[in-house]
Every structure is written in C-alpha cells, then in structure tokens.
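Colleague: Structure file final-v6.txt (compact mmCIF, C-alpha atoms and all ligand atoms) is given on the next line.
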# COMPACT_ATOMS: atom_id res chain seq x y z
CA MET A 5 29.61 21.36 -12.39
CA ASP A 6 30.33 19.36 -15.56
CA GLU A 7 33.98 18.82 -14.80
CA LEU A 8 33.16 17.46 -11.35
CA GLU A 9 32.80 13.76 -10.60
CA PHE A 10 29.98 12.79 -8.24
CA VAL A 11 30.84 9.78 -6.07
CA ARG A 12 29.10 7.66 -3.45
CA LEU A 13 31.49 6.88 -0.62
CA GLY A 14 30.75 3.34 0.56
CA ILE A 15 32.36 1.56 3.49
CA ASP A 16 35.44 0.48 1.55
CA ASP A 17 35.96 3.62 -0.52
CA GLU A 18 39.05 5.64 0.30
CA ARG A 19 38.44 9.01 1.95
CA ASP A 20 40.81 11.78 0.91
CA PRO A 21 42.88 12.43 4.09
CA ASP A 22 43.68 15.94 2.86
CA PHE A 23 40.05 17.05 2.86
CA ASP A 24 39.82 20.16 5.06
CA CYS A 25 36.68 22.29 5.37
CA GLY A 26 38.05 24.23 8.33
CA ASP A 27 35.89 22.40 10.88
CA ASN A 28 37.62 19.53 12.70
CA ASP A 29 34.41 17.69 13.60
CA LEU A 30 33.27 17.67 9.99
CA ASN A 31 36.72 16.63 8.76
CA GLU A 32 36.71 13.75 11.24
CA PHE A 33 33.21 12.74 10.22
CA PHE A 34 34.30 12.65 6.59
CA LEU A 35 37.44 10.61 7.25
CA ILE A 36 36.21 8.17 9.91
CA ASP A 37 32.59 8.38 11.05
CA SER A 38 31.11 8.38 7.56
CA LYS A 39 32.28 4.76 7.17
CA ALA A 40 30.65 3.63 10.42
CA ASN A 41 27.45 5.47 9.49
CA CYS A 42 27.39 3.67 6.17
CA LEU A 43 28.04 0.29 7.81
CA GLU A 44 25.19 0.83 10.27
CA LEU A 45 22.84 2.06 7.48
CA LEU A 46 22.47 5.36 9.32
CA ALA A 47 23.72 7.76 6.67
CA VAL A 48 25.27 7.65 3.22
CA THR A 49 27.99 10.05 2.23
CA TYR A 50 28.46 11.47 -1.27
CA ALA A 51 31.20 13.69 -2.57
CA TRP A 52 32.43 15.69 -5.53
CA ARG A 53 35.89 15.12 -6.87
CA LEU A 54 37.70 17.67 -8.99
CA GLU A 55 40.95 16.58 -10.64
CA GLY A 56 41.36 13.76 -8.14
CA LYS A 57 40.65 15.89 -5.08
CA ILE A 58 37.50 15.83 -2.94
CA ILE A 59 36.15 19.39 -2.84
CA ALA A 60 32.81 18.83 -1.06
CA PHE A 61 30.77 16.15 0.64
CA PHE A 62 27.37 15.66 2.19
CA SER A 63 25.71 12.83 4.09
CA VAL A 64 22.00 12.08 4.01
CA SER A 65 19.52 9.95 5.95
CA ASN A 66 15.83 9.27 5.87
CA ASP A 67 14.07 11.38 8.47
CA ALA A 68 10.80 13.12 9.21
CA ILE A 69 9.35 16.35 10.49
CA THR A 70 7.26 15.63 13.56
CA SER A 71 4.96 17.78 15.65
CA GLN A 72 7.73 18.20 18.25
CA ASP A 73 10.00 19.83 15.68
CA VAL A 74 7.65 22.60 14.64
CA ASP A 75 6.25 25.62 16.47
CA ASN A 76 3.01 25.39 14.51
CA PHE A 77 2.50 21.89 13.17
CA ASN A 78 -0.95 22.77 11.80
CA ARG A 79 0.72 25.20 9.40
CA PHE A 80 2.55 22.22 7.94
CA ARG A 81 -0.48 20.02 7.82
CA ARG A 82 -2.33 22.71 5.94
CA MET A 83 0.13 22.27 3.08
CA LEU A 84 -1.16 18.75 2.51
CA PRO A 85 -4.51 17.27 1.54
CA ASN A 86 -6.29 15.16 4.23
CA ARG A 87 -4.11 16.86 6.77
CA LYS A 88 -5.45 14.98 9.80
CA ARG A 89 -3.89 11.77 8.54
CA TYR A 90 -0.30 12.99 8.72
CA LYS A 91 1.39 12.79 12.11
CA THR A 92 4.86 13.05 10.60
CA MET A 93 6.04 14.21 7.22
CA PRO A 94 8.74 12.47 5.22
CA ALA A 95 12.03 14.24 4.79
CA VAL A 96 15.63 13.66 3.90
CA LYS A 97 18.11 15.00 6.40
CA ILE A 98 21.40 16.49 5.40
CA GLY A 99 23.40 15.33 8.41
CA ARG A 100 26.73 16.76 7.33
CA PHE A 101 27.69 19.12 4.56
CA ALA A 102 30.99 20.81 3.84
CA VAL A 103 32.99 22.41 1.08
CA HIS A 104 36.81 22.24 1.10
CA LYS A 105 38.12 25.53 2.45
CA GLU A 106 40.01 26.29 -0.79
CA TYR A 107 36.73 26.04 -2.74
CA LYS A 108 34.38 28.02 -0.50
CA GLN A 109 32.68 31.22 -1.66
CA GLN A 110 32.72 30.09 -5.27
CA GLY A 111 29.14 28.93 -5.52
CA TYR A 112 29.79 25.20 -5.04
CA GLY A 113 27.74 24.97 -1.82
CA SER A 114 24.66 26.50 -3.48
CA LYS A 115 25.05 24.35 -6.60
CA ILE A 116 25.23 21.24 -4.42
CA MET A 117 22.10 22.36 -2.56
CA ASP A 118 20.28 22.68 -5.92
CA PHE A 119 21.55 19.23 -6.86
CA ILE A 120 20.24 17.66 -3.63
CA LYS A 121 16.81 19.25 -4.07
CA ILE A 122 16.42 17.98 -7.62
CA TRP A 123 17.89 14.59 -6.72
CA PHE A 124 15.17 14.02 -4.12
CA ILE A 125 12.29 14.88 -6.41
CA THR A 126 13.52 12.70 -9.25
CA GLY A 127 12.57 9.02 -9.51
CA ASN A 128 12.51 8.40 -5.77
CA LYS A 129 11.72 5.00 -4.28
CA THR A 130 9.87 6.63 -1.39
CA GLY A 131 7.98 9.84 -0.79
CA CYS A 132 10.14 12.70 0.42
CA ARG A 133 8.51 16.07 0.84
CA PHE A 134 11.16 18.08 2.71
CA VAL A 135 14.91 18.53 2.94
CA ILE A 136 15.90 19.24 6.52
CA VAL A 137 19.23 20.18 8.04
CA ASP A 138 20.64 20.74 11.50
CA ALA A 139 22.44 23.91 10.50
CA LEU A 140 25.37 25.06 12.60
CA ASN A 141 24.23 28.14 14.49
CA LYS A 142 26.95 30.34 13.00
CA SER A 143 26.80 33.67 11.24
CA ASP A 144 28.38 32.28 8.07
CA VAL A 145 26.21 29.15 7.93
CA LEU A 146 22.58 30.16 8.69
CA PRO A 147 22.53 32.87 5.97
CA PHE A 148 23.85 30.29 3.51
CA TYR A 149 20.81 28.06 4.09
CA GLU A 150 18.42 31.02 4.14
CA ARG A 151 19.74 32.13 0.75
CA ASN A 152 19.15 28.62 -0.49
CA GLY A 153 15.46 28.76 0.44
CA PHE A 154 15.55 27.07 3.86
CA SER A 155 13.36 28.28 6.75
CA TYR A 156 13.39 27.65 10.49
CA LEU A 157 11.01 25.11 11.98
CA THR A 158 11.05 26.58 15.45
CA GLU A 159 12.29 29.57 17.41
CA ASN A 160 13.08 27.30 20.38
CA ASP A 161 16.53 26.35 19.07
CA LYS A 162 17.76 29.93 18.61
CA SER A 163 20.41 29.50 21.32
CA GLU A 164 21.35 25.92 20.48
CA HIS A 165 24.51 24.73 18.75
CA THR A 166 22.46 23.85 15.67
CA ARG A 167 19.15 25.06 14.23
CA LEU A 168 16.70 22.80 12.42
CA MET A 169 15.79 24.18 8.99
CA TYR A 170 13.60 22.89 6.15
CA PHE A 171 13.03 23.27 2.45
CA ASP A 172 9.68 22.22 0.91
CA LEU A 173 10.45 20.21 -2.23
CA LYS A 174 6.94 20.78 -3.54
CA GLN A 175 8.02 24.37 -4.23
CA ILE A 176 10.18 23.19 -7.07
CA ALA A 177 8.72 19.79 -7.97
CA LEU A 178 6.08 21.08 -10.37
CA ALA A 179 8.37 23.67 -11.89
CA VAL A 180 11.28 21.32 -12.48
CA LEU A 181 9.74 17.98 -13.40
CA PRO A 182 7.34 17.02 -16.16
CA LEU A 183 3.97 15.95 -14.73
CA ASP A 184 4.58 12.32 -15.68
CA ASP A 185 7.46 12.07 -13.21
CA HIS A 186 5.01 12.61 -10.32
CA ARG A 187 2.75 9.74 -11.26
C1 LIG B 201 28.55 26.60 4.61
C2 LIG B 201 29.28 26.10 3.35
C3 LIG B 201 28.85 24.68 3.05
C4 LIG B 201 28.93 27.02 2.18
O1 LIG B 201 29.59 26.54 1.00
P1 LIG B 201 30.13 27.53 -0.12
O2 LIG B 201 30.58 26.70 -1.27
O3 LIG B 201 31.10 28.48 0.44
O4 LIG B 201 28.78 28.29 -0.50
P2 LIG B 201 28.54 29.33 -1.70
O5 LIG B 201 29.83 29.64 -2.38
O6 LIG B 201 27.44 28.81 -2.53
O7 LIG B 201 28.00 30.59 -0.93
C5 LIG B 201 28.80 31.20 0.09
C6 LIG B 201 29.09 32.66 -0.24
O8 LIG B 201 29.87 32.75 -1.43
C7 LIG B 201 29.27 33.71 -2.31
N1 LIG B 201 29.63 33.35 -3.68
C8 LIG B 201 29.07 32.36 -4.39
N2 LIG B 201 29.64 32.31 -5.62
C9 LIG B 201 30.59 33.28 -5.62
C10 LIG B 201 31.52 33.72 -6.58
N3 LIG B 201 31.60 33.17 -7.81
N4 LIG B 201 32.37 34.73 -6.25
C11 LIG B 201 32.29 35.30 -5.04
N5 LIG B 201 31.42 34.92 -4.07
C12 LIG B 201 30.58 33.93 -4.37
C13 LIG B 201 27.82 33.58 -1.99
O9 LIG B 201 27.06 34.70 -2.42
C14 LIG B 201 27.91 33.54 -0.51
O10 LIG B 201 28.26 34.84 -0.05
P3 LIG B 201 27.74 35.47 1.33
O11 LIG B 201 28.02 34.43 2.39
O12 LIG B 201 28.55 36.71 1.50
O13 LIG B 201 26.30 35.72 1.08
C15 LIG B 201 30.83 26.18 3.54
O14 LIG B 201 31.18 27.46 3.98
C16 LIG B 201 31.40 25.16 4.52
O15 LIG B 201 31.70 24.04 4.14
N6 LIG B 201 31.59 25.56 5.79
C17 LIG B 201 32.25 24.71 6.79
C18 LIG B 201 31.41 23.55 7.15
C19 LIG B 201 30.03 23.95 7.58
O16 LIG B 201 29.85 24.87 8.35
N7 LIG B 201 29.04 23.24 7.04
C20 LIG B 201 27.65 23.48 7.31
C21 LIG B 201 27.20 22.49 8.35
S1 LIG B 201 25.47 22.68 8.63
Can I see the file as structure tokens?
Modeller:
Amino acid sequence: MDELEFVRLGIDDERDPDFDCGDNDLNEFFLIDSKANCLELLAVTYAWRLEGKIIAFFSVSNDAITSQDVDNFNRFRRMLPNRKRYKTMPAVKIGRFAVHKEYKQQGYGSKIMDFIKIWFITGNKTGCRFVIVDALNKSDVLPFYERNGFSYLTENDKSEHTRLMYFDLKQIALAVLPLDDHR
C-alpha cells in the first residue's frame, strides 16, 4: 500500500463527500458522525487516500472483553498468566470499517486488517491484547473477518444484526516484533 496515504481524520478535517461503500449508515458515519465521535473522544477515524480520493476508513475505540461477552470466559482467562486477576481484558474495537465500493475485492480490506493488527502491537501507550469488531451479520462480511483470523465470542448473537468477533494479538506479537519491543 505504498502509494496510499494514511490519514487521521480529526474534527476539522474534511471528509470526502463522494465516499461510498454501498452502506448508507456507514457513509453517514464517515461524513457526519465520525466528527462528533472524535469531539466526544469516543472514537477516532482513520482513512487511506489514493490520488486524492478516500478509498477506505476505519474508526477505533478503547474497549474490553468482559465475562458477559464470552460464552466461556475461563477459556480466555486460561490464555493469560494469573488468570484470576483479570475480570476484563483490554481490546481495541473497530467500530466502523469500510472500503469504497469501487475498491472492494482487491485485497485492501485484508491489508488494512493486517495494518491494524500490527499497529496495535507496536509501541502502544497501553496494553491491548485483542482486536474486537461488531461485524455486520451478513454473508459477505462475516467470512471476511473469519478469513482475517477473527473468531466469534459467543453463539448468542447468531441472529443479531451484528456479531462480536475477536482477534488475539498475541498470536502475531512474538512473530512480528523483536523481543525488545515487548519490554
Ligand atoms: C467487508 C469489506 C470491508 C471487505 O473489504 P474488501 O477490500 O473488499 O476485502 P478484501 O478485498 O480483502 O477481501 C474481499 C474478497 O476479495 C477477494 N480478493 C482479495 N484480493 C483480490 C484480488 N486481487 N482479486 C480478486 N479478488 C480478491 C478476497 O479473497 C475476498 O473474496 P471472497 O469474499 O470471495 O472470499 C468491504 O466489502 C466493505 O467495505 N463492505 C461494506 C461495509 C461493511 O460491510 N463493512 C464491515 C462492517 S463490520
């Protein structure tokens, strides 16, 4: 993605009114709600620009996986040392994520997912063990996250509008980063 420009969209930054991912709610979030979310410190939106045009965006917030989110919370706690001490586990939530409809099915979505994973294991200010996402419960969206290594936290949301999915950053942290970066 060398030719792409990565940008943080703050409150005053212009949003490209022509951005269209094919989903009106996500388009509206990008154009309008992402500013309010930034102002309220609820979520920050980032985007990729190609030749002056926004081709993808995502918004992220601090979040956590709690016992209510998971069918078997002990399974999660077993991943960690001193597991009794952890009542919640730190995560970053991808609140919104979309690729412009003219740029779908070209690998951008998966490359951005890889970027987010590496971004949150590199030089972080705070601990962040998981990436989580409320994935739209659609036949073209869930397989996308599955292919990108995400799993379901619970079976209870199978009939909901969205399904909560997670990716364990520890899976890649040791493989990607030199040991010094963990200290
Ligand atoms: C879901 C979404 C983000 C995926 O982004 P994307 O850029 O299309 O994702 P990718 O290109 O990495 O992968 C999608 C498909 O393209 C295929 N693909 C990737 N590179 C390809 C290439 N060079 N040539 C052909 N196909 C390719 C992938 O294998 C995958 O195919 P499959 O669905 O048949 O398995 C995008 O479709 C989107 O923005 N949807 C609307 C908004 C939305 O639903 N967002 C999710 C909210 S949770």
Colleague: Please identify all protein, DNA and RNA residues within 7 Å of ligand LIG 201 (chain B), counting only C-alpha atoms and all ligand atoms, and report them as a PDB file with C-alpha atoms, keeping the file's coordinate frame.
Modeller:
ATOM      1  CA  CYS A  25      36.680  22.290   5.370  1.00  0.00           C
ATOM      2  CA  GLY A  26      38.050  24.230   8.330  1.00  0.00           C
ATOM      3  CA  ASP A  27      35.890  22.400  10.880  1.00  0.00           C
ATOM      4  CA  LEU A  30      33.270  17.670   9.990  1.00  0.00           C
ATOM      5  CA  ARG A 100      26.730  16.760   7.330  1.00  0.00           C
ATOM      6  CA  PHE A 101      27.690  19.120   4.560  1.00  0.00           C
ATOM      7  CA  ALA A 102      30.990  20.810   3.840  1.00  0.00           C
ATOM      8  CA  VAL A 103      32.990  22.410   1.080  1.00  0.00           C
ATOM      9  CA  HIS A 104      36.810  22.240   1.100  1.00  0.00           C
ATOM     10  CA  LYS A 105      38.120  25.530   2.450  1.00  0.00           C
ATOM     11  CA  TYR A 107      36.730  26.040  -2.740  1.00  0.00           C
ATOM     12  CA  LYS A 108      34.380  28.020  -0.500  1.00  0.00           C
ATOM     13  CA  GLN A 109      32.680  31.220  -1.660  1.00  0.00           C
ATOM     14  CA  GLN A 110      32.720  30.090  -5.270  1.00  0.00           C
ATOM     15  CA  GLY A 111      29.140  28.930  -5.520  1.00  0.00           C
ATOM     16  CA  TYR A 112      29.790  25.200  -5.040  1.00  0.00           C
ATOM     17  CA  GLY A 113      27.740  24.970  -1.820  1.00  0.00           C
ATOM     18  CA  SER A 114      24.660  26.500  -3.480  1.00  0.00           C
ATOM     19  CA  LYS A 115      25.050  24.350  -6.600  1.00  0.00           C
ATOM     20  CA  VAL A 137      19.230  20.180   8.040  1.00  0.00           C
ATOM     21  CA  ASP A 138      20.640  20.740  11.500  1.00  0.00           C
ATOM     22  CA  ALA A 139      22.440  23.910  10.500  1.00  0.00           C
ATOM     23  CA  LEU A 140      25.370  25.060  12.600  1.00  0.00           C
ATOM     24  CA  ASP A 144      28.380  32.280   8.070  1.00  0.00           C
ATOM     25  CA  VAL A 145      26.210  29.150   7.930  1.00  0.00           C
ATOM     26  CA  PRO A 147      22.530  32.870   5.970  1.00  0.00           C
ATOM     27  CA  PHE A 148      23.850  30.290   3.510  1.00  0.00           C
TER      28      PHE A 148
END
Colleague: What does the distance from atom CA of Arg89 of chain A to atom CA of Tyr170 of chain A come to in Å, to one decimal?
Modeller: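 Spanning atom CA of Arg89 of chain A to atom CA of Tyr170 of chain A is a straight-line distance of 20.9 Å.
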Colleague: Can you tell me which residues surround Arg167 of chain A at a distance of at most 12 Å, considering all atoms listed in the file, apart from same-chain residues fewer than 5 positions away, and format the answer as an MDAnalysis selection string?
Modeller: chainID A and resid 73:74 136:143 145:147 149:150 154:162
Colleague: Please identify all polymer residues within 12 Å of Val11 of chain A, counting all atoms listed in the file, omitting same-chain residues fewer than 3 positions from it, and present them as a list of chain:residue names.
Modeller: A:Leu8, A:Gly14, A:Asp17, A:Glu18, A:Arg19, A:Val48, A:Thr49, A:Tyr50, A:Ala51, A:Trp52, A:Arg53, A:Leu54, A:Gly56, A:Lys57, A:Ile58, A:Ile59, A:Ala60, A:Phe61, A:Phe62, A:Ser63
Colleague: Quick one: residues within 12 Å of Asn66 of chain A, only C-alpha atoms counted, chain neighbours fewer than 2 positions away excluded, as number ranges by chain?
Modeller: A: 45-48, 63-64, 68-69, 93-99, 124, 129-137
Colleague: Tell me, in Å to one decimal, how far atom CA of Leu173 of chain A is from atom CA of Glu44 of chain A.
Modeller: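 Distance between the two atoms: 27.4 Å.
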Colleague: With only C-alpha atoms as the counted atoms, please give the residues lying no more than 9 Å from Val180 of chain A, apart from itself and same-chain residues fewer than 2 positions off, as a PDB file with C-alpha atoms, in the frame of the given file.
Modeller:
ATOM      1  CA  ILE A 122      16.420  17.980  -7.620  1.00  0.00           C
ATOM      2  CA  ILE A 125      12.290  14.880  -6.410  1.00  0.00           C
ATOM      3  CA  ILE A 176      10.180  23.190  -7.070  1.00  0.00           C
ATOM      4  CA  ALA A 177       8.720  19.790  -7.970  1.00  0.00           C
ATOM      5  CA  LEU A 178       6.080  21.080 -10.370  1.00  0.00           C
ATOM      6  CA  PRO A 182       7.340  17.020 -16.160  1.00  0.00           C
TER       7      PRO A 182
END
Colleague: Once N, CA and C atoms are restored for segment 27-40 of chain A, what would the output be as a compact mmCIF listing (two decimals), in the coordinates of the input?
Modeller:
# COMPACT_ATOMS: atom_id res chain seq x y z
N ASP A 27 36.61 22.80 9.66
CA ASP A 27 35.89 22.40 10.88
C ASP A 27 36.35 20.97 11.21
N ASN A 28 37.02 20.82 12.36
CA ASN A 28 37.62 19.53 12.70
C ASN A 28 36.60 18.41 12.85
N ASP A 29 35.44 18.73 13.42
CA ASP A 29 34.41 17.69 13.60
C ASP A 29 33.94 17.16 12.24
N LEU A 30 33.73 18.09 11.32
CA LEU A 30 33.27 17.67 9.99
C LEU A 30 34.37 16.91 9.24
N ASN A 31 35.61 17.36 9.41
CA ASN A 31 36.72 16.63 8.76
C ASN A 31 36.80 15.20 9.30
N GLU A 32 36.63 15.07 10.62
CA GLU A 32 36.71 13.75 11.24
C GLU A 32 35.53 12.88 10.80
N PHE A 33 34.37 13.51 10.71
CA PHE A 33 33.21 12.74 10.22
C PHE A 33 33.51 12.19 8.84
N PHE A 34 34.03 13.06 7.97
CA PHE A 34 34.30 12.65 6.59
C PHE A 34 35.28 11.48 6.55
N LEU A 35 36.35 11.60 7.31
CA LEU A 35 37.44 10.61 7.25
C LEU A 35 37.08 9.29 7.94
N ILE A 36 36.40 9.36 9.07
CA ILE A 36 36.21 8.17 9.91
C ILE A 36 34.73 7.81 10.08
N ASP A 37 33.96 8.73 10.65
CA ASP A 37 32.59 8.38 11.05
C ASP A 37 31.68 8.07 9.87
N SER A 38 31.99 8.64 8.71
CA SER A 38 31.11 8.38 7.56
C SER A 38 31.11 6.90 7.19
N LYS A 39 32.23 6.21 7.46
CA LYS A 39 32.28 4.76 7.17
C LYS A 39 31.37 4.00 8.13
N ALA A 40 31.47 4.31 9.41
CA ALA A 40 30.65 3.63 10.42
C ALA A 40 29.17 3.90 10.17
